[in-house]
Amino acid sequence: MIRLLSKIFIKNGDDVENPAVRTAYGVLCGSVGILLNVLLFAGKFFAGTVSGSIAITADAFNNLSDAGSSVITLMGFRLGEQRPDSEHPFGHGRIEYLSGLLVSMLIILMGFELARTSVEKILRPQPVEFSWVSVGILSVSICVKMYMCYYNSTVGKRINSTAMHATAMDSLSDSAATAAVLLATLAGRFSGVQIDGWCGILVALFIIWSGLGSGRDTLNPLLGQPPSAEFVASIRDIVMAHPGILGIHDLIVHDYGPGRRMISLHAEVPANENVLDIHDEIDNIETELKKKLGCETVIHMDPIVVDDGITDETRKKVEALVKCIDDQISIHDFRMVVGATHTNLIFDAVVPFKFRLADEQVRSKICAAVQALDGNYFAVVTVEQSYTM
């Protein structure tokens with residue numbers, strides 16, 4: 001259904017990098033979600049009232065809250081597409097992350113509320129009236145929620161939306177919750193065992209767990225998560241395809257919402273080349289990154305000595321020594337400053353986060369290794385962490 005509706009209502013639906021197209025997908029999925037959740041609420045509320053089942057009634061209000069979540073998701077897409085202004089020069093794209101986080105909080109809140117009502121049902125059990133109508137409504141609800149999970153997940157992947165992924169997880173948890181309610185209803189009918197409250201507890205725990213997972217996924221980009229390895233590889237391939245670039249480092253990706261990323265990096269270039277020619281090449285790279293990846297880019301040029309055999313040979317030896325300390329360490333910005341009594345080897349060493357050695361230990365081991373290489377060499381090392389995985 002979503003595929004058919006998208007063909008009817010979304011122009012240029014394949015251009016998912018276009019903010020207007022992403023918003024159209026979000027609005028469409030949100031509108032369908034509101035309609036389906038309201039219908040499910042009405043059916044389950046009727047079944048819960050007729051049967052006297054607290055689990056069915058709670059599941060009905062869970063669907064009503066899902067309709068509210070769909071409204072939040074829809075509003076998140078609408079507000080997120082606003083153009084940059086003087087107060088928000090990087091746009092409003094992170095509103096989509098905030099809407100996903102709010103949906104996750106509502107999921108967790110509903111889980112705790114369901115747990116409370118389920119405990120009351122366990123302490124004061126009441127018989128549940130069996131009805132095949134209720135069974136039919138619950139069965140249809142499971143199918144509808146699985147479909148909603150499928151289309152939200154599919155569209156979420158297509159447009160790279162954490163809010164849509166959160167909504168998909170919400171639908172999956174609802175499907176499991178309704179399955180547990182159906183199980184309780186059938187168990188009460190055919191075995192006489194009243195497990196309505198206990199199934200409500202299990203459903204509540206699953207809902208809370210799903211909400212926490214969705215919250216983590218939407219909170220991470222707000223806090224500043226590293227870019228994916230695939231995205232980093234794409235950047236590296238584009239930059240390194242230019243013959244004047246010898247290497248890149250200090251890559252940072254700032255995420256201001258889907259389609260609103262900014263890149264900064266250092267590019268190593270030959271020190272003996274004409275600076276104007278290199279600057280022109282850097283401009284071309286920045287333009288290419290914007291065209292292919294849709295990102296604004298700032299590139300800092302780091303001149304590297306390439307016509308001095310001693311510097312290049314020494315750098316390779318130091319790289320080998322550093323790898324002997326730990327192969328996770330890399331170096332860049334290597335240069336030699338020759339003095340009357342000693343030579344300083346100046347470079348940066350990059351270590352991963354939560355590395356087994358403290359920065360000072362890394363610096364000490366590298367300095368000792370360089371000193372052992374040549375007694376006249378002294379390492380001037382800056383230890384830093386990478387902003388990518």
# chains A, B, ... in the order shown; residues from 1 in each chain; ligands from 1
call {"tool": "residues_around", "arguments": {"residues": "Lys323 (chain A)", "least_positions_apart": "6", "cutoff": "12 Å", "atoms": "only C-alpha atoms", "output": "JSON, numbers by chain"}}
result
{"A": [316, 317, 329, 330, 331, 349, 350, 351, 362, 365, 366, 369]}
call {"tool": "write_last_selection", "arguments": {"atoms": "N, CA and C atoms", "output": "PDB file, in the first residue's frame"}}
result
ATOM      1  N   LYS A 316      59.174   6.144   7.562  1.00  0.00           N
ATOM      2  CA  LYS A 316      58.806   4.735   7.426  1.00  0.00           C
ATOM      3  C   LYS A 316      59.340   3.912   8.606  1.00  0.00           C
ATOM      4  N   LYS A 317      60.552   4.225   9.056  1.00  0.00           N
ATOM      5  CA  LYS A 317      61.114   3.503  10.201  1.00  0.00           C
ATOM      6  C   LYS A 317      60.316   3.771  11.476  1.00  0.00           C
ATOM      7  N   ILE A 329      47.899   1.988  16.399  1.00  0.00           N
ATOM      8  CA  ILE A 329      48.405   3.353  16.400  1.00  0.00           C
ATOM      9  C   ILE A 329      48.855   3.728  14.994  1.00  0.00           C
ATOM     10  N   SER A 330      48.523   4.944  14.559  1.00  0.00           N
ATOM     11  CA  SER A 330      49.001   5.460  13.277  1.00  0.00           C
ATOM     12  C   SER A 330      49.598   6.839  13.503  1.00  0.00           C
ATOM     13  N   ILE A 331      50.433   7.294  12.560  1.00  0.00           N
ATOM     14  CA  ILE A 331      51.053   8.618  12.692  1.00  0.00           C
ATOM     15  C   ILE A 331      50.800   9.429  11.433  1.00  0.00           C
ATOM     16  N   ALA A 349      50.350  11.141  16.771  1.00  0.00           N
ATOM     17  CA  ALA A 349      50.033   9.715  16.879  1.00  0.00           C
ATOM     18  C   ALA A 349      48.543   9.579  17.206  1.00  0.00           C
ATOM     19  N   VAL A 350      47.852   8.767  16.443  1.00  0.00           N
ATOM     20  CA  VAL A 350      46.411   8.584  16.621  1.00  0.00           C
ATOM     21  C   VAL A 350      46.154   7.231  17.271  1.00  0.00           C
ATOM     22  N   VAL A 351      45.394   7.244  18.377  1.00  0.00           N
ATOM     23  CA  VAL A 351      45.025   6.005  19.073  1.00  0.00           C
ATOM     24  C   VAL A 351      43.503   5.940  19.163  1.00  0.00           C
ATOM     25  N   VAL A 362      51.644   6.105  25.844  1.00  0.00           N
ATOM     26  CA  VAL A 362      51.901   6.001  24.404  1.00  0.00           C
ATOM     27  C   VAL A 362      53.044   6.924  24.010  1.00  0.00           C
ATOM     28  N   LYS A 365      56.449   5.547  25.297  1.00  0.00           N
ATOM     29  CA  LYS A 365      56.951   4.385  24.543  1.00  0.00           C
ATOM     30  C   LYS A 365      57.460   4.794  23.164  1.00  0.00           C
ATOM     31  N   ILE A 366      56.751   5.729  22.513  1.00  0.00           N
ATOM     32  CA  ILE A 366      57.193   6.176  21.200  1.00  0.00           C
ATOM     33  C   ILE A 366      58.514   6.938  21.306  1.00  0.00           C
ATOM     34  N   ALA A 369      61.298   4.482  21.747  1.00  0.00           N
ATOM     35  CA  ALA A 369      61.581   3.742  20.516  1.00  0.00           C
ATOM     36  C   ALA A 369      62.363   4.609  19.531  1.00  0.00           C
TER      37      ALA A 369
END
call {"tool": "select_by_dssp", "arguments": {"residues": "region 13-255 of chain A", "states": "helix (DSSP H, G or I)", "output": "mmCIF file with C-alpha atoms, in the first residue's frame"}}
result
data_model
loop_
_atom_site.group_PDB
_atom_site.id
_atom_site.type_symbol
_atom_site.label_atom_id
_atom_site.label_comp_id
_atom_site.auth_asym_id
_atom_site.auth_seq_id
_atom_site.Cartn_x
_atom_site.Cartn_y
_atom_site.Cartn_z
ATOM 1 C CA PRO A 19 14.923 16.955 1.619
ATOM 2 C CA ALA A 20 11.469 17.539 0.093
ATOM 3 C CA VAL A 21 11.244 13.877 -0.961
ATOM 4 C CA ARG A 22 12.350 12.690 2.506
ATOM 5 C CA THR A 23 9.711 14.880 4.101
ATOM 6 C CA ALA A 24 7.042 13.558 1.732
ATOM 7 C CA TYR A 25 7.894 9.973 2.723
ATOM 8 C CA GLY A 26 7.790 10.903 6.414
ATOM 9 C CA VAL A 27 4.427 12.660 6.093
ATOM 10 C CA LEU A 28 2.946 9.782 4.083
ATOM 11 C CA CYS A 29 4.086 7.093 6.522
ATOM 12 C CA GLY A 30 3.035 9.192 9.500
ATOM 13 C CA SER A 31 -0.447 9.784 8.057
ATOM 14 C CA VAL A 32 -0.975 6.092 7.304
ATOM 15 C CA GLY A 33 0.269 5.240 10.801
ATOM 16 C CA ILE A 34 -2.230 7.626 12.416
ATOM 17 C CA LEU A 35 -5.137 6.128 10.454
ATOM 18 C CA LEU A 36 -4.233 2.491 11.147
ATOM 19 C CA ASN A 37 -3.537 3.082 14.850
ATOM 20 C CA VAL A 38 -6.841 4.881 15.381
ATOM 21 C CA LEU A 39 -8.690 1.991 13.728
ATOM 22 C CA LEU A 40 -6.817 -0.541 15.882
ATOM 23 C CA PHE A 41 -7.567 1.457 19.022
ATOM 24 C CA ALA A 42 -11.286 1.493 18.244
ATOM 25 C CA GLY A 43 -11.390 -2.265 17.579
ATOM 26 C CA LYS A 44 -9.357 -3.250 20.638
ATOM 27 C CA PHE A 45 -11.171 -0.865 22.967
ATOM 28 C CA PHE A 46 -14.457 -2.445 21.906
ATOM 29 C CA ALA A 47 -13.049 -5.959 22.416
ATOM 30 C CA GLY A 48 -11.532 -5.070 25.791
ATOM 31 C CA THR A 49 -14.751 -3.495 27.037
ATOM 32 C CA VAL A 50 -16.850 -6.484 25.966
ATOM 33 C CA SER A 51 -14.464 -9.094 27.428
ATOM 34 C CA ILE A 54 -7.248 -5.336 31.103
ATOM 35 C CA ALA A 55 -4.557 -6.582 28.694
ATOM 36 C CA ILE A 56 -6.719 -5.928 25.611
ATOM 37 C CA THR A 57 -7.796 -2.515 26.887
ATOM 38 C CA ALA A 58 -4.194 -1.569 27.721
ATOM 39 C CA ASP A 59 -3.132 -2.750 24.271
ATOM 40 C CA ALA A 60 -5.842 -0.523 22.785
ATOM 41 C CA PHE A 61 -4.494 2.563 24.535
ATOM 42 C CA ASN A 62 -1.028 1.526 23.448
ATOM 43 C CA ASN A 63 -2.271 1.888 19.855
ATOM 44 C CA LEU A 64 -3.761 5.269 20.704
ATOM 45 C CA SER A 65 -0.371 6.422 21.971
ATOM 46 C CA ASP A 66 1.125 5.085 18.732
ATOM 47 C CA ALA A 67 -1.201 7.388 16.810
ATOM 48 C CA GLY A 68 0.207 10.234 18.891
ATOM 49 C CA SER A 69 3.728 8.998 18.112
ATOM 50 C CA SER A 70 2.915 9.086 14.399
ATOM 51 C CA VAL A 71 1.753 12.684 14.807
ATOM 52 C CA ILE A 72 5.085 13.525 16.462
ATOM 53 C CA THR A 73 7.029 11.805 13.673
ATOM 54 C CA LEU A 74 5.008 13.656 11.041
ATOM 55 C CA MET A 75 5.619 16.990 12.771
ATOM 56 C CA GLY A 76 9.321 16.152 13.085
ATOM 57 C CA PHE A 77 9.633 15.740 9.317
ATOM 58 C CA ARG A 78 7.644 18.915 8.666
ATOM 59 C CA LEU A 79 9.664 21.048 11.093
ATOM 60 C CA GLY A 80 12.966 19.473 10.067
ATOM 61 C CA ILE A 95 14.317 18.035 14.952
ATOM 62 C CA GLU A 96 13.787 14.662 13.265
ATOM 63 C CA TYR A 97 16.139 13.073 15.802
ATOM 64 C CA LEU A 98 14.290 14.826 18.629
ATOM 65 C CA SER A 99 10.945 13.528 17.382
ATOM 66 C CA GLY A 100 12.351 9.992 17.318
ATOM 67 C CA LEU A 101 13.643 10.440 20.874
ATOM 68 C CA LEU A 102 10.227 11.675 22.017
ATOM 69 C CA VAL A 103 8.566 8.642 20.418
ATOM 70 C CA SER A 104 10.990 6.397 22.319
ATOM 71 C CA MET A 105 10.141 8.139 25.602
ATOM 72 C CA LEU A 106 6.434 7.608 24.950
ATOM 73 C CA ILE A 107 7.105 3.906 24.292
ATOM 74 C CA ILE A 108 8.914 3.582 27.636
ATOM 75 C CA LEU A 109 6.178 5.505 29.461
ATOM 76 C CA MET A 110 3.497 3.241 27.992
ATOM 77 C CA GLY A 111 5.514 0.198 29.064
ATOM 78 C CA PHE A 112 5.641 1.367 32.688
ATOM 79 C CA GLU A 113 1.925 2.199 32.668
ATOM 80 C CA LEU A 114 1.094 -1.242 31.268
ATOM 81 C CA ALA A 115 3.292 -2.845 33.949
ATOM 82 C CA ARG A 116 1.411 -0.960 36.677
ATOM 83 C CA THR A 117 -2.022 -2.028 35.444
ATOM 84 C CA SER A 118 -0.806 -5.606 34.970
ATOM 85 C CA VAL A 119 0.420 -5.813 38.586
ATOM 86 C CA GLU A 120 -2.992 -4.619 39.749
ATOM 87 C CA LYS A 121 -4.591 -7.345 37.601
ATOM 88 C CA ILE A 122 -2.343 -9.993 39.211
ATOM 89 C CA LEU A 123 -3.145 -8.793 42.734
ATOM 90 C CA TRP A 132 -14.114 -14.979 19.025
ATOM 91 C CA VAL A 133 -14.639 -11.382 17.921
ATOM 92 C CA SER A 134 -11.855 -10.358 20.304
ATOM 93 C CA VAL A 135 -9.625 -13.131 18.946
ATOM 94 C CA GLY A 136 -10.291 -11.950 15.389
ATOM 95 C CA ILE A 137 -9.569 -8.305 16.242
ATOM 96 C CA LEU A 138 -6.316 -9.239 17.990
ATOM 97 C CA SER A 139 -5.226 -11.463 15.078
ATOM 98 C CA VAL A 140 -5.887 -8.702 12.542
ATOM 99 C CA SER A 141 -4.016 -6.253 14.789
ATOM 100 C CA ILE A 142 -0.915 -8.449 14.810
ATOM 101 C CA CYS A 143 -0.912 -8.596 11.001
ATOM 102 C CA VAL A 144 -1.441 -4.832 10.665
ATOM 103 C CA LYS A 145 1.348 -4.038 13.140
ATOM 104 C CA MET A 146 3.778 -6.388 11.383
ATOM 105 C CA TYR A 147 2.975 -4.615 8.127
ATOM 106 C CA MET A 148 3.525 -1.231 9.774
ATOM 107 C CA CYS A 149 6.880 -2.456 11.109
ATOM 108 C CA TYR A 150 7.820 -3.616 7.615
ATOM 109 C CA TYR A 151 6.964 -0.400 5.795
ATOM 110 C CA ASN A 152 8.436 1.894 8.458
ATOM 111 C CA SER A 153 11.660 -0.120 8.498
ATOM 112 C CA THR A 154 11.858 -0.242 4.697
ATOM 113 C CA VAL A 155 11.211 3.466 4.235
ATOM 114 C CA GLY A 156 13.495 4.269 7.193
ATOM 115 C CA LYS A 157 16.377 2.479 5.489
ATOM 116 C CA ARG A 158 15.535 4.075 2.170
ATOM 117 C CA ILE A 159 15.647 7.647 3.488
ATOM 118 C CA THR A 162 16.228 7.229 12.793
ATOM 119 C CA ALA A 163 12.703 8.458 13.568
ATOM 120 C CA MET A 164 11.249 5.929 11.129
ATOM 121 C CA HIS A 165 13.389 3.179 12.639
ATOM 122 C CA ALA A 166 12.059 4.093 16.095
ATOM 123 C CA THR A 167 8.499 3.901 14.771
ATOM 124 C CA ALA A 168 9.255 0.500 13.198
ATOM 125 C CA MET A 169 10.530 -0.823 16.537
ATOM 126 C CA ASP A 170 7.391 0.541 18.190
ATOM 127 C CA SER A 171 5.226 -1.400 15.719
ATOM 128 C CA LEU A 172 7.248 -4.570 16.307
ATOM 129 C CA SER A 173 6.842 -4.272 20.078
ATOM 130 C CA ASP A 174 3.109 -3.689 19.608
ATOM 131 C CA SER A 175 2.866 -6.836 17.521
ATOM 132 C CA ALA A 176 4.569 -8.859 20.246
ATOM 133 C CA ALA A 177 2.389 -7.236 22.887
ATOM 134 C CA THR A 178 -0.804 -8.124 21.050
ATOM 135 C CA ALA A 179 0.435 -11.680 20.488
ATOM 136 C CA ALA A 180 0.904 -12.047 24.253
ATOM 137 C CA VAL A 181 -2.599 -10.673 24.877
ATOM 138 C CA LEU A 182 -4.015 -13.147 22.348
ATOM 139 C CA LEU A 183 -2.155 -15.959 24.093
ATOM 140 C CA ALA A 184 -3.623 -14.919 27.446
ATOM 141 C CA THR A 185 -7.112 -14.830 25.958
ATOM 142 C CA LEU A 186 -6.807 -18.303 24.439
ATOM 143 C CA ALA A 187 -5.198 -19.731 27.592
ATOM 144 C CA GLY A 188 -8.066 -18.435 29.715
ATOM 145 C CA ARG A 189 -10.618 -19.961 27.352
ATOM 146 C CA PHE A 190 -9.161 -23.443 26.879
ATOM 147 C CA ASP A 196 -3.943 -11.927 31.690
ATOM 148 C CA GLY A 197 -1.887 -9.905 34.195
ATOM 149 C CA TRP A 198 1.269 -11.972 33.785
ATOM 150 C CA CYS A 199 1.168 -11.583 30.003
ATOM 151 C CA GLY A 200 0.710 -7.860 30.548
ATOM 152 C CA ILE A 201 3.934 -7.812 32.592
ATOM 153 C CA LEU A 202 5.864 -9.613 29.840
ATOM 154 C CA VAL A 203 4.472 -7.257 27.227
ATOM 155 C CA ALA A 204 5.408 -4.230 29.371
ATOM 156 C CA LEU A 205 8.997 -5.428 29.753
ATOM 157 C CA PHE A 206 9.308 -5.976 26.004
ATOM 158 C CA ILE A 207 7.885 -2.527 25.282
ATOM 159 C CA ILE A 208 10.309 -0.876 27.729
ATOM 160 C CA TRP A 209 13.249 -2.758 26.201
ATOM 161 C CA SER A 210 12.218 -1.689 22.680
ATOM 162 C CA GLY A 211 11.828 1.918 23.835
ATOM 163 C CA LEU A 212 15.298 1.962 25.376
ATOM 164 C CA GLY A 213 16.816 0.572 22.181
ATOM 165 C CA SER A 214 15.028 3.128 20.012
ATOM 166 C CA GLY A 215 16.024 5.915 22.399
ATOM 167 C CA ARG A 216 19.680 4.931 22.122
ATOM 168 C CA ASP A 217 19.511 4.951 18.317
ATOM 169 C CA THR A 218 17.975 8.431 18.227
ATOM 170 C CA LEU A 219 20.118 9.877 21.011
ATOM 171 C CA ASN A 220 23.451 8.848 19.490
ATOM 172 C CA PRO A 221 23.326 11.258 16.501
ATOM 173 C CA LEU A 222 22.280 14.068 18.849
ATOM 174 C CA LEU A 223 25.298 13.440 21.077
ATOM 175 C CA ALA A 229 32.784 3.044 7.963
ATOM 176 C CA GLU A 230 31.142 3.046 4.519
ATOM 177 C CA PHE A 231 30.747 6.826 4.537
ATOM 178 C CA VAL A 232 34.362 7.321 5.634
ATOM 179 C CA ALA A 233 35.503 4.978 2.859
ATOM 180 C CA SER A 234 33.494 6.988 0.308
ATOM 181 C CA ILE A 235 35.161 10.213 1.439
ATOM 182 C CA ARG A 236 38.610 8.633 1.382
ATOM 183 C CA ASP A 237 38.097 7.144 -2.107
ATOM 184 C CA ILE A 238 36.968 10.478 -3.564
ATOM 185 C CA VAL A 239 39.822 12.474 -2.022
ATOM 186 C CA MET A 240 42.578 9.941 -2.706
#
call {"tool": "select_by_dssp", "arguments": {"residues": "region 342-382 of chain A", "states": "strand (DSSP E)", "output": "ChimeraX atom specification"}}
result
/A:343-351,377-382
call {"tool": "atom_distance", "arguments": {"atom1": "CA of Thr341 (chain A)", "atom2": "CA of Glu384 (chain A)"}}
result
28.8 Å
call {"tool": "residues_around", "arguments": {"residues": "region 274-291 of chain A", "least_positions_apart": "6", "cutoff": "12 Å", "atoms": "only C-alpha atoms", "output": "MDAnalysis selection string"}}
result
chainID A and resid 17 231:232 234:246 259:268 297:303
call {"tool": "write_last_selection", "arguments": {"atoms": "C-alpha atoms", "output": "PDB file, in the first residue's frame"}}
result
ATOM      1  CA  GLU A  17      18.651  12.727  -0.945  1.00  0.00           C
ATOM      2  CA  PHE A 231      30.747   6.826   4.537  1.00  0.00           C
ATOM      3  CA  VAL A 232      34.362   7.321   5.634  1.00  0.00           C
ATOM      4  CA  SER A 234      33.494   6.988   0.308  1.00  0.00           C
ATOM      5  CA  ILE A 235      35.161  10.213   1.439  1.00  0.00           C
ATOM      6  CA  ARG A 236      38.610   8.633   1.382  1.00  0.00           C
ATOM      7  CA  ASP A 237      38.097   7.144  -2.107  1.00  0.00           C
ATOM      8  CA  ILE A 238      36.968  10.478  -3.564  1.00  0.00           C
ATOM      9  CA  VAL A 239      39.822  12.474  -2.022  1.00  0.00           C
ATOM     10  CA  MET A 240      42.578   9.941  -2.706  1.00  0.00           C
ATOM     11  CA  ALA A 241      41.502   9.579  -6.346  1.00  0.00           C
ATOM     12  CA  HIS A 242      43.181  12.957  -6.979  1.00  0.00           C
ATOM     13  CA  PRO A 243      46.886  12.498  -7.831  1.00  0.00           C
ATOM     14  CA  GLY A 244      48.061  15.492  -5.800  1.00  0.00           C
ATOM     15  CA  ILE A 245      46.836  14.022  -2.491  1.00  0.00           C
ATOM     16  CA  LEU A 246      49.279  11.796  -0.585  1.00  0.00           C
ATOM     17  CA  GLY A 259      21.221  15.425   4.360  1.00  0.00           C
ATOM     18  CA  ARG A 260      22.917  18.156   6.422  1.00  0.00           C
ATOM     19  CA  ARG A 261      26.440  16.903   7.058  1.00  0.00           C
ATOM     20  CA  MET A 262      29.635  18.950   7.079  1.00  0.00           C
ATOM     21  CA  ILE A 263      33.122  17.504   6.623  1.00  0.00           C
ATOM     22  CA  SER A 264      36.520  18.788   7.664  1.00  0.00           C
ATOM     23  CA  LEU A 265      39.779  16.948   6.998  1.00  0.00           C
ATOM     24  CA  HIS A 266      43.514  17.407   6.557  1.00  0.00           C
ATOM     25  CA  ALA A 267      44.996  16.453   3.190  1.00  0.00           C
ATOM     26  CA  GLU A 268      48.707  15.724   2.866  1.00  0.00           C
ATOM     27  CA  THR A 297      33.602  20.359   3.085  1.00  0.00           C
ATOM     28  CA  VAL A 298      36.580  22.260   4.460  1.00  0.00           C
ATOM     29  CA  ILE A 299      40.022  20.816   3.664  1.00  0.00           C
ATOM     30  CA  HIS A 300      43.246  21.888   5.372  1.00  0.00           C
ATOM     31  CA  MET A 301      46.445  21.360   3.393  1.00  0.00           C
ATOM     32  CA  ASP A 302      49.390  19.716   5.181  1.00  0.00           C
ATOM     33  CA  PRO A 303      52.622  20.002   3.141  1.00  0.00           C
TER      34      PRO A 303
END
call {"tool": "atom_distance", "arguments": {"atom1": "CA of Asp307 (chain A)", "atom2": "CA of Ala320 (chain A)"}}
result
20.8 Å
call {"tool": "closest_residue", "arguments": {"among": "A:Asn12, A:Tyr377, A:Val269, A:Gln194", "to": "Ile248 (chain A)", "atoms": "only C-alpha atoms"}}
result
A:Val269
call {"tool": "residues_around", "arguments": {"residues": "Arg363 (chain A)", "least_positions_apart": "5", "cutoff": "10 Å", "atoms": "only C-alpha atoms", "output": "VMD selection string"}}
result
chain A and resid 348 to 349 357 to 358 368 to 369 379 to 383
call {"tool": "residues_around", "arguments": {"residues": "Phe90 (chain A)", "least_positions_apart": "5", "cutoff": "9 Å", "atoms": "only C-alpha atoms", "output": "PDB file with C-alpha atoms, in the first residue's frame"}}
result
ATOM      1  CA  ARG A  83      15.371  26.164   5.601  1.00  0.00           C
ATOM      2  CA  PRO A  84      18.342  27.525   7.586  1.00  0.00           C
ATOM      3  CA  ASP A  85      17.850  30.914   9.175  1.00  0.00           C
ATOM      4  CA  TYR A 256      23.109  18.434  11.612  1.00  0.00           C
ATOM      5  CA  GLY A 257      20.329  16.120  10.476  1.00  0.00           C
ATOM      6  CA  ARG A 260      22.917  18.156   6.422  1.00  0.00           C
TER       7      ARG A 260
END
